[in-house]
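Enquirer: Sharing a structure below in structure tokens format, with a few things to ask.
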Amino acid sequence: RRKKIVQECEKLMDRPEQIRNIAIAAHVDHGKTTLTDNLLAGAGMIGQESAGEQLAMDTEEDEQERGITIDAANVSMTHEYEEKNHLINLIDTPGHVDFGGDVTRAMRAVDGALVVVDAVEGAMPQTETVLRQALREGVKPALFINKVDRLISELQEGPEEMQQRLQKVIRDVNELIRGMTEEMDDIDDWTVSIQEGTVGMGSALYKWGISFPSMQRTGMDFGDIIDMERADKRQELHERTPLSDVVLDMVCEHFPNPIDAQPRRIPRVWRGDADSEVAEQMQLVDDDGEVVLMVTDIGVDPHAGEIAAGRVFSGTIEKGQELYVSGTAGRNRVQSVGIYMGGEREEVDRVPAGNIAAVTGLKDAIAGSTVSSIEMTPFESIEHISEPVITKSVEAKNMDDLPKLIETLRQVSKEDPTIRIEINEDTGEHLISGQGELHLEVITQRIERNQGIPVTTGEPIVVYREAPTQGTEQVEGISPNRHNRFYVSLEPLDQEIIDVLKKGEATMDMPELERREALQEAGMDKETSQNVEHVFGSNIFIDDTKGVQQLNETMELVLEGFEEALEDGPLAAEPVEGALLRLHDARLHEDAIHRGPAQVIPAVRDAVHRSLIHGEVRLLEPIQNVRIDVPNEHMGAASGEIQGRRGRVDDMYQEGDLMVVEGIAPVDEMIGFSSDIRSATEGRASWNTENAGFRVLADNLQPDIITEIRERKGMKTELPQSIDYF
Ligand code: GDP
């Protein structure tokens, strides 16, 4: 049977009109996993009876235990619609914002996103986040309102009340879509509507669904559904209007196939030469063209090793091909290609354009790589909204495990580029940085459980930033031999420019003209934008010198000094952000021997650090938006938990039968929040956090925290004397 399905899929792979590449995205607990299992069961990929219990997508043990989906896994299924069989490739996206990077990557590989919203809770903060991620990638949305059974059986709502509630969900989602697509001129109206059939609703748990077209087909209307659900005739309801048919019909009807989608999506995600041959091949989904694969996920198979999964945008990928991997020098040889059936990988001979492929042998690929048969401009680097804000040390308990641990850490950072790893082979104490406490906890558990490496972990440590608060005059930096001098001034960058840099919208890799335009649009003056010599993190180095002898051949060392100075700021050796440094003039020794690395790098570092101190550099700390949903009687305790953490409560309001408390708090203070809020509210609160960038730490807290960090890093605890402004 399975073999037959695989054969059927292989046939469909060559008919792009009959392919849909989709993602299901939702706020945590709104029912994405249950729905996915239903679709798989409906398509005959797993047993009907086990849908909902099996949680086929949650492949990793820790995910099943926690009941949340973490890894973007891939599954494919077939579905008959209008007498034609369709191949539906579904990419799973994680529901927790701590794993935002995975969501964005999954979105890049698909053309349609089914947004699942809980009928009782309505649109939640992560509904907004996932919608934004989809729309930014040019992915078309449709809406499924889940848990409608609860409105009927639990809340005992009548038809009128229900209708109002469902309409509010649709209105809220449409308001989000409208706001996000307003300025996208390649997209027409992408709001969803019942009449058009882009809204479905039902119960993933009891496996029934309904949509405008399904009502017309089955002759069942909402009243019938309410009656049957009330009478507990769920089995019959499910048989007469099965959820999987309703949803998969909607997918086939309303989501674009690759041929319709790629011409619009390629310009959105790829910045190479639009007139080149490969651009045309990608837009046409040309299976005879050059091979172009965008890797969205790296997984590990105990037998086959690393598997790179991703969307084939053009060409046909086959065993034995030698393919370029973006960002690396050599080529990798394809060892096998496969597709995902249900959740399992099946080897096939070839995977043509328009499909999702699972490829082994691409040992240099990471999630986000472009893999191609010619050297080409890679896909836009995937925009990660959040930067790592928290770090934890990991050490192998047993020294013999050290090589295996290092290997595993490297693997982890390939699979999840939002994780940063610093490996210290000398001390054996490695650092993992990620999006939040839970993110790191999940990673370390995987190392222990899946790899069987017992580890000790340190306390979570918050990642700070250092940023200048005012501009400076020219400052001089002198080399140890006193023969080289650099004259540098500093300006704090505007937030708008910082955002552009953080999102990777102005990088040194892009054509100069494009970079200039992006910077000017964000408010940089024309001349400055023309003199950008280097970008590092969210800092910019401007070369305003004129005719300085030997500067050109020394520039590489100058930039090295610049990077070193910004990697470790003057306050506490934390990364600097938002500094524009301008080199006005330089004196260089005419003999190259006297202006080597040991002279130039410290001189530049000195100039940069001194200008940062003149610019009254301050420590910034990461902050999070916090939202807590609690019963009325625990509202005081919940807002107290935010306020007691140097936080601020911004809003409190009623939603359904619960109170919502919204506010912000520093990440540092949020460590341990989950157990504190549980005990403060007798476990009745549900909550979520979202990274909200960095903000300046209050002046009265600066000296203590700086000292603490310096101590931890083994630096001299007293600050340089020139830092006297706190
Ligand atoms: P995910 O986090 O979005 O993947 O959500 P899950 O699929 O894990 O569902 C979260 C919880 O909601 C589980 O306890 C499900 O059994 C329950 N659930 C999912 N769909 C429905 C539904 O349609 N009706 C009801 N009453 N519960 C549901």
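Each chain of the structure tokens is named A, B, ... in the order shown, its residues numbered from 1; ligands are numbered from 1 in display order.
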Around ligand 1, which protein and nucleic acid residues have at least one atom no more than 8 Å from it, if we count only C-alpha atoms and all ligand atoms? List them as an MDAnalysis selection string.

Expert: chainID A and resid 25:36 52 55 67:69 95 116 146:150 202:207

Enquirer: Write down as a compact mmCIF listing (two decimals) with N, CA and C atoms, in the first residue's frame the residues belonging to segment 95-319 of chain A that are assigned alpha helix (DSSP H) by DSSP computed on the backbone.

Expert:
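Everything below was put into out_4.txt:
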```
# COMPACT_ATOMS: atom_id res chain seq x y z
N GLY A 100 11.34 31.07 16.70
CA GLY A 100 10.92 31.86 15.55
C GLY A 100 11.71 31.62 14.28
N GLY A 101 13.01 31.32 14.42
CA GLY A 101 13.84 31.09 13.24
C GLY A 101 13.33 29.94 12.41
N ASP A 102 12.90 28.88 13.06
CA ASP A 102 12.38 27.72 12.34
C ASP A 102 11.13 28.05 11.54
N VAL A 103 10.30 28.91 12.10
CA VAL A 103 9.06 29.26 11.42
C VAL A 103 9.38 29.96 10.11
N THR A 104 10.30 30.93 10.16
CA THR A 104 10.63 31.68 8.96
C THR A 104 11.19 30.76 7.88
N ARG A 105 12.04 29.83 8.29
CA ARG A 105 12.64 28.94 7.31
C ARG A 105 11.58 28.06 6.65
N ALA A 106 10.65 27.57 7.44
CA ALA A 106 9.59 26.73 6.88
C ALA A 106 8.78 27.54 5.88
N MET A 107 8.51 28.79 6.19
CA MET A 107 7.70 29.63 5.31
C MET A 107 8.35 29.81 3.94
N ARG A 108 9.68 29.87 3.93
CA ARG A 108 10.35 30.08 2.66
C ARG A 108 10.09 28.96 1.67
N PRO A 125 -1.07 36.63 20.22
CA PRO A 125 0.14 37.29 19.74
C PRO A 125 0.91 36.48 18.70
N GLN A 126 1.00 35.16 18.91
CA GLN A 126 1.77 34.38 17.93
C GLN A 126 1.01 34.18 16.62
N THR A 127 -0.31 34.33 16.66
CA THR A 127 -1.05 34.30 15.40
C THR A 127 -0.53 35.44 14.53
N GLU A 128 -0.36 36.58 15.18
CA GLU A 128 0.14 37.75 14.46
C GLU A 128 1.56 37.50 13.94
N THR A 129 2.41 36.93 14.82
CA THR A 129 3.80 36.68 14.43
C THR A 129 3.87 35.74 13.22
N VAL A 130 3.14 34.62 13.28
CA VAL A 130 3.25 33.67 12.17
C VAL A 130 2.64 34.24 10.88
N LEU A 131 1.59 35.02 11.02
CA LEU A 131 1.02 35.66 9.83
C LEU A 131 2.03 36.60 9.19
N ARG A 132 2.71 37.36 10.04
CA ARG A 132 3.70 38.30 9.52
C ARG A 132 4.80 37.54 8.79
N GLN A 133 5.25 36.44 9.41
CA GLN A 133 6.31 35.66 8.78
C GLN A 133 5.86 35.11 7.43
N ALA A 134 4.62 34.67 7.34
CA ALA A 134 4.12 34.13 6.08
C ALA A 134 4.04 35.23 5.02
N LEU A 135 3.43 36.33 5.38
CA LEU A 135 3.17 37.38 4.39
C LEU A 135 4.48 38.00 3.89
N ARG A 136 5.44 38.14 4.81
CA ARG A 136 6.70 38.73 4.40
C ARG A 136 7.41 37.85 3.37
N VAL A 148 -14.29 24.48 17.50
CA VAL A 148 -15.65 25.00 17.47
C VAL A 148 -16.57 24.13 18.35
N ASP A 149 -16.21 22.84 18.51
CA ASP A 149 -16.99 21.98 19.41
C ASP A 149 -17.11 22.57 20.81
N PRO A 159 -26.62 29.74 18.10
CA PRO A 159 -26.13 30.05 16.75
C PRO A 159 -25.72 31.51 16.61
N GLU A 160 -26.50 32.40 17.20
CA GLU A 160 -26.23 33.83 17.07
C GLU A 160 -24.88 34.20 17.69
N GLU A 161 -24.75 33.76 18.92
CA GLU A 161 -23.54 34.05 19.69
C GLU A 161 -22.30 33.49 18.97
N MET A 162 -22.48 32.25 18.48
CA MET A 162 -21.36 31.61 17.80
C MET A 162 -20.96 32.37 16.56
N GLN A 163 -21.98 32.78 15.82
CA GLN A 163 -21.71 33.49 14.59
C GLN A 163 -20.92 34.77 14.87
N GLN A 164 -21.35 35.48 15.92
CA GLN A 164 -20.64 36.71 16.27
C GLN A 164 -19.19 36.43 16.62
N ARG A 165 -19.01 35.37 17.39
CA ARG A 165 -17.66 35.05 17.82
C ARG A 165 -16.77 34.67 16.63
N LEU A 166 -17.32 33.84 15.74
CA LEU A 166 -16.53 33.41 14.59
C LEU A 166 -16.23 34.59 13.67
N GLN A 167 -17.20 35.46 13.53
CA GLN A 167 -16.98 36.63 12.68
C GLN A 167 -15.91 37.54 13.26
N LYS A 168 -15.88 37.61 14.58
CA LYS A 168 -14.85 38.46 15.20
C LYS A 168 -13.45 37.89 14.91
N VAL A 169 -13.34 36.56 14.98
CA VAL A 169 -12.04 35.95 14.68
C VAL A 169 -11.62 36.31 13.25
N ILE A 170 -12.57 36.18 12.32
CA ILE A 170 -12.25 36.45 10.92
C ILE A 170 -11.89 37.93 10.73
N ARG A 171 -12.67 38.81 11.38
CA ARG A 171 -12.37 40.24 11.28
C ARG A 171 -10.98 40.56 11.82
N ASP A 172 -10.66 39.98 12.99
CA ASP A 172 -9.35 40.25 13.60
C ASP A 172 -8.22 39.79 12.69
N VAL A 173 -8.38 38.58 12.15
CA VAL A 173 -7.33 38.05 11.28
C VAL A 173 -7.20 38.91 10.03
N ASN A 174 -8.33 39.31 9.47
CA ASN A 174 -8.28 40.15 8.27
C ASN A 174 -7.66 41.52 8.53
N GLU A 175 -7.91 42.03 9.72
CA GLU A 175 -7.31 43.32 10.04
C GLU A 175 -5.78 43.19 10.06
N LEU A 176 -5.30 42.07 10.61
CA LEU A 176 -3.86 41.82 10.62
C LEU A 176 -3.33 41.71 9.19
N ILE A 177 -4.04 40.91 8.38
CA ILE A 177 -3.58 40.69 7.00
C ILE A 177 -3.55 42.01 6.24
N ARG A 178 -4.61 42.80 6.40
CA ARG A 178 -4.69 44.06 5.68
C ARG A 178 -3.53 44.97 6.07
N GLY A 179 -3.30 45.09 7.37
CA GLY A 179 -2.22 45.95 7.84
C GLY A 179 -0.86 45.51 7.32
N MET A 180 -0.67 44.22 7.23
CA MET A 180 0.66 43.72 6.85
C MET A 180 0.89 43.74 5.34
N THR A 181 -0.19 43.71 4.55
CA THR A 181 0.01 43.64 3.09
C THR A 181 -0.20 44.99 2.40
N PHE A 212 -17.80 26.93 3.35
CA PHE A 212 -18.89 27.29 2.45
C PHE A 212 -19.06 26.23 1.35
N PRO A 213 -17.96 25.87 0.65
CA PRO A 213 -18.12 24.83 -0.38
C PRO A 213 -18.59 23.50 0.20
N SER A 214 -18.13 23.14 1.41
CA SER A 214 -18.54 21.85 1.95
C SER A 214 -20.03 21.85 2.29
N MET A 215 -20.53 23.00 2.75
CA MET A 215 -21.96 23.10 3.04
C MET A 215 -22.75 22.87 1.77
N GLN A 216 -22.26 23.46 0.68
CA GLN A 216 -22.97 23.29 -0.59
C GLN A 216 -22.92 21.84 -1.05
N ARG A 217 -21.80 21.18 -0.79
CA ARG A 217 -21.63 19.82 -1.26
C ARG A 217 -22.44 18.83 -0.42
N THR A 218 -22.39 18.99 0.91
CA THR A 218 -23.02 17.99 1.77
C THR A 218 -24.45 18.36 2.13
N PHE A 222 -24.87 25.08 9.45
CA PHE A 222 -24.39 25.24 10.82
C PHE A 222 -25.36 24.70 11.85
N GLY A 223 -26.65 24.91 11.57
CA GLY A 223 -27.68 24.42 12.49
C GLY A 223 -27.58 22.90 12.66
N ASP A 224 -27.41 22.19 11.53
CA ASP A 224 -27.28 20.73 11.61
C ASP A 224 -26.10 20.34 12.48
N ILE A 225 -25.02 21.09 12.28
CA ILE A 225 -23.80 20.77 13.02
C ILE A 225 -24.03 20.95 14.52
N ILE A 226 -24.63 22.08 14.87
CA ILE A 226 -24.87 22.34 16.29
C ILE A 226 -25.75 21.24 16.88
N ASP A 227 -26.80 20.88 16.15
CA ASP A 227 -27.69 19.83 16.65
C ASP A 227 -26.96 18.51 16.86
N MET A 228 -26.15 18.14 15.90
CA MET A 228 -25.47 16.85 15.99
C MET A 228 -24.41 16.85 17.08
N GLU A 229 -23.68 17.96 17.18
CA GLU A 229 -22.64 18.06 18.21
C GLU A 229 -23.31 17.99 19.60
N ARG A 230 -24.43 18.71 19.76
CA ARG A 230 -25.16 18.71 21.04
C ARG A 230 -25.67 17.32 21.38
N ARG A 234 -21.09 12.79 17.30
CA ARG A 234 -19.85 13.27 16.68
C ARG A 234 -19.33 12.31 15.62
N GLN A 235 -19.49 11.03 15.90
CA GLN A 235 -19.02 10.02 14.96
C GLN A 235 -19.71 10.22 13.60
N GLU A 236 -21.00 10.39 13.67
CA GLU A 236 -21.77 10.56 12.44
C GLU A 236 -21.41 11.88 11.74
N LEU A 237 -21.26 12.88 12.57
CA LEU A 237 -20.89 14.20 12.05
C LEU A 237 -19.57 14.11 11.30
N HIS A 238 -18.67 13.43 11.94
CA HIS A 238 -17.32 13.28 11.34
C HIS A 238 -17.37 12.48 10.05
N GLU A 239 -18.26 11.51 10.01
CA GLU A 239 -18.34 10.72 8.78
C GLU A 239 -19.00 11.50 7.65
N ARG A 240 -19.96 12.36 8.02
CA ARG A 240 -20.66 13.08 6.95
C ARG A 240 -19.89 14.28 6.44
N LEU A 243 -13.23 16.43 8.48
CA LEU A 243 -12.34 17.59 8.54
C LEU A 243 -11.28 17.56 7.43
N SER A 244 -10.67 16.40 7.22
CA SER A 244 -9.55 16.37 6.29
C SER A 244 -10.00 16.74 4.88
N ASP A 245 -11.20 16.31 4.47
CA ASP A 245 -11.68 16.68 3.14
C ASP A 245 -11.89 18.19 3.04
N VAL A 246 -12.51 18.74 4.08
CA VAL A 246 -12.80 20.18 4.06
C VAL A 246 -11.50 20.97 3.92
N VAL A 247 -10.52 20.61 4.74
CA VAL A 247 -9.27 21.38 4.75
C VAL A 247 -8.45 21.12 3.48
N LEU A 248 -8.33 19.87 3.08
CA LEU A 248 -7.50 19.58 1.91
C LEU A 248 -8.13 20.12 0.62
N ASP A 249 -9.46 20.11 0.55
CA ASP A 249 -10.12 20.76 -0.60
C ASP A 249 -9.76 22.24 -0.64
N MET A 250 -9.80 22.86 0.53
CA MET A 250 -9.49 24.29 0.61
C MET A 250 -8.05 24.55 0.16
N VAL A 251 -7.16 23.66 0.57
CA VAL A 251 -5.74 23.78 0.20
C VAL A 251 -5.59 23.70 -1.32
N CYS A 252 -6.25 22.69 -1.93
CA CYS A 252 -6.11 22.50 -3.38
C CYS A 252 -6.73 23.66 -4.15
N GLU A 253 -7.86 24.14 -3.65
CA GLU A 253 -8.59 25.18 -4.37
C GLU A 253 -7.92 26.56 -4.23
N HIS A 254 -7.46 26.87 -3.03
CA HIS A 254 -7.08 28.27 -2.79
C HIS A 254 -5.59 28.56 -2.67
N PRO A 258 3.05 25.59 -7.56
CA PRO A 258 4.37 26.23 -7.74
C PRO A 258 4.47 27.09 -8.99
N ILE A 259 3.79 26.68 -10.06
CA ILE A 259 3.87 27.46 -11.31
C ILE A 259 3.26 28.84 -11.13
N ASP A 260 2.17 28.90 -10.38
CA ASP A 260 1.55 30.21 -10.13
C ASP A 260 2.32 30.99 -9.07
N ALA A 261 2.91 30.28 -8.13
CA ALA A 261 3.52 30.97 -6.99
C ALA A 261 4.94 31.47 -7.27
N GLN A 262 5.75 30.66 -7.93
CA GLN A 262 7.17 31.01 -8.03
C GLN A 262 7.48 32.33 -8.73
N PRO A 263 6.74 32.70 -9.79
CA PRO A 263 7.06 34.00 -10.40
C PRO A 263 6.92 35.15 -9.41
N ARG A 264 6.00 35.04 -8.48
CA ARG A 264 5.84 36.11 -7.50
C ARG A 264 6.82 35.96 -6.35
N ARG A 265 7.08 34.71 -5.95
CA ARG A 265 7.89 34.51 -4.76
C ARG A 265 9.38 34.71 -5.00
N ILE A 266 9.87 34.32 -6.19
CA ILE A 266 11.31 34.41 -6.45
C ILE A 266 11.84 35.84 -6.25
N PRO A 267 11.22 36.86 -6.87
CA PRO A 267 11.76 38.21 -6.65
C PRO A 267 11.73 38.63 -5.17
N ARG A 268 10.82 38.04 -4.42
CA ARG A 268 10.69 38.39 -3.01
C ARG A 268 11.80 37.78 -2.16
N VAL A 269 12.27 36.61 -2.54
CA VAL A 269 13.24 35.91 -1.68
C VAL A 269 14.62 35.78 -2.31
N GLU A 277 19.54 33.58 -16.72
CA GLU A 277 18.86 32.36 -17.13
C GLU A 277 18.26 31.63 -15.93
N VAL A 278 19.05 31.59 -14.85
CA VAL A 278 18.58 30.82 -13.69
C VAL A 278 17.35 31.49 -13.06
N ALA A 279 17.28 32.83 -13.17
CA ALA A 279 16.09 33.53 -12.64
C ALA A 279 14.85 33.08 -13.40
N GLU A 280 15.01 32.99 -14.72
CA GLU A 280 13.88 32.57 -15.54
C GLU A 280 13.50 31.12 -15.24
N GLN A 281 14.53 30.28 -15.09
CA GLN A 281 14.25 28.87 -14.81
C GLN A 281 13.49 28.70 -13.50
N MET A 282 13.87 29.52 -12.49
CA MET A 282 13.18 29.41 -11.21
C MET A 282 11.74 29.90 -11.33
N GLN A 283 11.55 30.99 -12.09
CA GLN A 283 10.20 31.50 -12.22
C GLN A 283 9.30 30.53 -12.98
```

Enquirer: List the neighbours of segment 654-670 of chain A out to 6 Å using only C-alpha atoms; skip same-chain residues closer than 2 positions along the sequence, and give me the result as a ChimeraX atom specification.

Expert: /A:462,622-632,645,647-652,673

Enquirer: Any chance you could export the current selection's C-alpha atoms as an mmCIF file, in the first residue's frame?

Expert:
```
data_model
loop_
_atom_site.group_PDB
_atom_site.id
_atom_site.type_symbol
_atom_site.label_atom_id
_atom_site.label_comp_id
_atom_site.auth_asym_id
_atom_site.auth_seq_id
_atom_site.Cartn_x
_atom_site.Cartn_y
_atom_site.Cartn_z
ATOM 1 C CA VAL A 462 21.767 37.199 29.855
ATOM 2 C CA PRO A 622 17.215 42.511 26.451
ATOM 3 C CA ILE A 623 13.535 42.845 27.280
ATOM 4 C CA GLN A 624 10.488 40.705 26.615
ATOM 5 C CA ASN A 625 6.826 41.358 26.034
ATOM 6 C CA VAL A 626 4.871 39.301 28.516
ATOM 7 C CA ARG A 627 1.231 38.302 28.234
ATOM 8 C CA ILE A 628 -0.542 36.401 30.993
ATOM 9 C CA ASP A 629 -4.087 34.990 30.798
ATOM 10 C CA VAL A 630 -5.595 34.321 34.233
ATOM 11 C CA PRO A 631 -8.907 33.963 36.029
ATOM 12 C CA ASN A 632 -9.997 37.198 37.656
ATOM 13 C CA ARG A 645 10.667 41.905 38.064
ATOM 14 C CA GLY A 647 8.719 45.176 34.707
ATOM 15 C CA ARG A 648 5.854 47.368 33.685
ATOM 16 C CA VAL A 649 2.207 46.410 33.218
ATOM 17 C CA ASP A 650 0.840 48.200 30.163
ATOM 18 C CA ASP A 651 -2.656 46.833 29.875
ATOM 19 C CA MET A 652 -5.219 44.674 31.681
ATOM 20 C CA PHE A 673 9.327 33.043 35.722
#
```

Enquirer: So which residues of segment 543-644 of chain A fall under strand (DSSP E) by DSSP, listed as JSON, numbers by chain?

Expert: {"A": [543, 579, 580, 581, 582, 583, 584, 585, 586, 587, 618, 619, 620, 621, 622, 623, 624, 625, 626, 627, 628, 629, 630]}

Enquirer: So how many Å separate atom CA of Asp401 of chain A and atom CA of Gln435 of chain A, to one decimal?

Expert: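 A separation of 26.4 Å between them.
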
Enquirer: Between atom CA of Glu574 of chain A and atom CA of Thr472 of chain A, what distance in Å does the model show, to one decimal?

Expert: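 Computing it gives 20.9 Å between the two atoms.
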
Enquirer: Write out as number ranges by chain which residues come within 12 Å of Met510 of chain A when counting only C-alpha atoms, dropping same-chain ones fewer than 5 positions away.

Expert: A: 270-273, 377-381, 504-505, 515-518, 535

Enquirer: Next, the residues of the selection above should be written as a short mmCIF file (atom, residue, chain, number, x, y, z; two decimals), in the first residue's frame with N, CA and C atoms.

Expert:
```cif
data_model
loop_
_atom_site.label_atom_id
_atom_site.label_comp_id
_atom_site.auth_asym_id
_atom_site.auth_seq_id
_atom_site.Cartn_x
_atom_site.Cartn_y
_atom_site.Cartn_z
N TRP A 270 14.78 36.23 -3.56
CA TRP A 270 16.07 36.08 -4.22
C TRP A 270 16.47 37.38 -4.89
N ARG A 271 17.68 37.86 -4.58
CA ARG A 271 18.08 39.18 -5.06
C ARG A 271 19.08 39.13 -6.20
N GLY A 272 19.23 37.95 -6.82
CA GLY A 272 20.19 37.86 -7.92
C GLY A 272 19.69 38.59 -9.16
N ASP A 273 20.45 38.48 -10.24
CA ASP A 273 20.14 39.15 -11.50
C ASP A 273 18.80 38.63 -12.07
N THR A 377 24.00 33.74 -6.89
CA THR A 377 23.65 34.56 -5.72
C THR A 377 22.77 33.71 -4.82
N PRO A 378 23.11 33.58 -3.53
CA PRO A 378 22.26 32.77 -2.66
C PRO A 378 20.92 33.46 -2.40
N PHE A 379 19.96 32.70 -1.89
CA PHE A 379 18.69 33.28 -1.49
C PHE A 379 18.95 34.29 -0.39
N GLU A 380 18.07 35.26 -0.29
CA GLU A 380 18.14 36.24 0.79
C GLU A 380 18.41 35.52 2.08
N SER A 381 19.35 36.01 2.85
CA SER A 381 19.59 35.33 4.11
C SER A 381 18.31 35.46 4.90
N GLY A 504 19.42 42.62 8.09
CA GLY A 504 20.23 42.22 6.95
C GLY A 504 19.80 42.89 5.65
N GLU A 505 19.20 44.09 5.76
CA GLU A 505 18.74 44.77 4.55
C GLU A 505 19.79 45.71 3.97
N ARG A 515 22.69 48.77 -1.32
CA ARG A 515 23.00 49.05 0.08
C ARG A 515 22.81 50.53 0.37
N ARG A 516 23.34 51.36 -0.54
CA ARG A 516 23.21 52.81 -0.36
C ARG A 516 21.76 53.22 -0.28
N GLU A 517 20.97 52.67 -1.19
CA GLU A 517 19.55 53.02 -1.20
C GLU A 517 18.86 52.64 0.11
N ALA A 518 19.17 51.43 0.58
CA ALA A 518 18.53 50.96 1.82
C ALA A 518 18.89 51.88 2.98
N VAL A 535 30.39 46.99 7.43
CA VAL A 535 29.26 46.85 8.35
C VAL A 535 29.58 45.69 9.26
#
```

Enquirer: Can you work out which one of A:Glu577, A:Asp499, A:Glu82, A:Glu387 has the shortest atom-to-atom distance to Pro417 of chain A, counting only C-alpha atoms?

Expert: A:Glu387

Enquirer: Skip segment 340-357 of chain A itself and residues of its chain fewer than 6 positions away, then list as a ChimeraX atom specification all residues within 6 Å of it, counting only C-alpha atoms.

Expert: /A:45,75-76,258,285,287,309-318

Enquirer: Could you please determine the separation between atom CA of Glu154 of chain A and atom CA of Asn688 of chain A in Å, to one decimal place?

Expert: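 According to the coordinates, atom CA of Glu154 of chain A and atom CA of Asn688 of chain A are separated by 24.9 Å.
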
Enquirer: Which one of A:Arg20, A:Arg465, A:Arg582, A:His483 sits closest to Glu533 of chain A if you count only C-alpha atoms?

Expert: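 Looking only at the distances to Glu533 of chain A, the closest residue turns out to be A:Arg582.
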
Enquirer: May I ask which of the residues A:Met220, A:Ile642, A:Val608, A:Leu409 is the closest one to Thr241 of chain A, counting only C-alpha atoms?

Expert: A:Met220

Enquirer: Excluding segment 487-495 of chain A and any residue of its chain fewer than 3 positions from it, enumerate the residues within 8 Å of it, using only C-alpha atoms, and give them as a list in words.

Expert: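 After dropping sequence-adjacent residues, the list is Ala467, Pro468, Thr469, Gln470, Gly471, Thr472, Glu473, Gln474, Val475, Glu476, Gly477, Ile498, Asp499, Asn539, Gly578, Ala579, Leu580, Leu581, Arg582, Leu583, His584, Asp585, Ala586, Ala607, Val608, Ser611, Leu612 and Gly615 of chain A.
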
Enquirer: Near Pro388 of chain A, within 12 Å and counting only C-alpha atoms, which residues show up once chain neighbours fewer than 5 positions away are dropped, as a VMD selection string?

Expert: chain A and resid 98 to 101 416 to 421 431 to 437 439 to 440 461 to 465 575 621 to 623 667 691 to 694

Enquirer: Nearest to Leu114 of chain A among A:Met184, A:Ile24, A:Val199, A:Asp704, with distances taken over only C-alpha atoms: which residue is it?

Expert: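 Closest to Leu114 of chain A, using only C-alpha atoms: A:Ile24.
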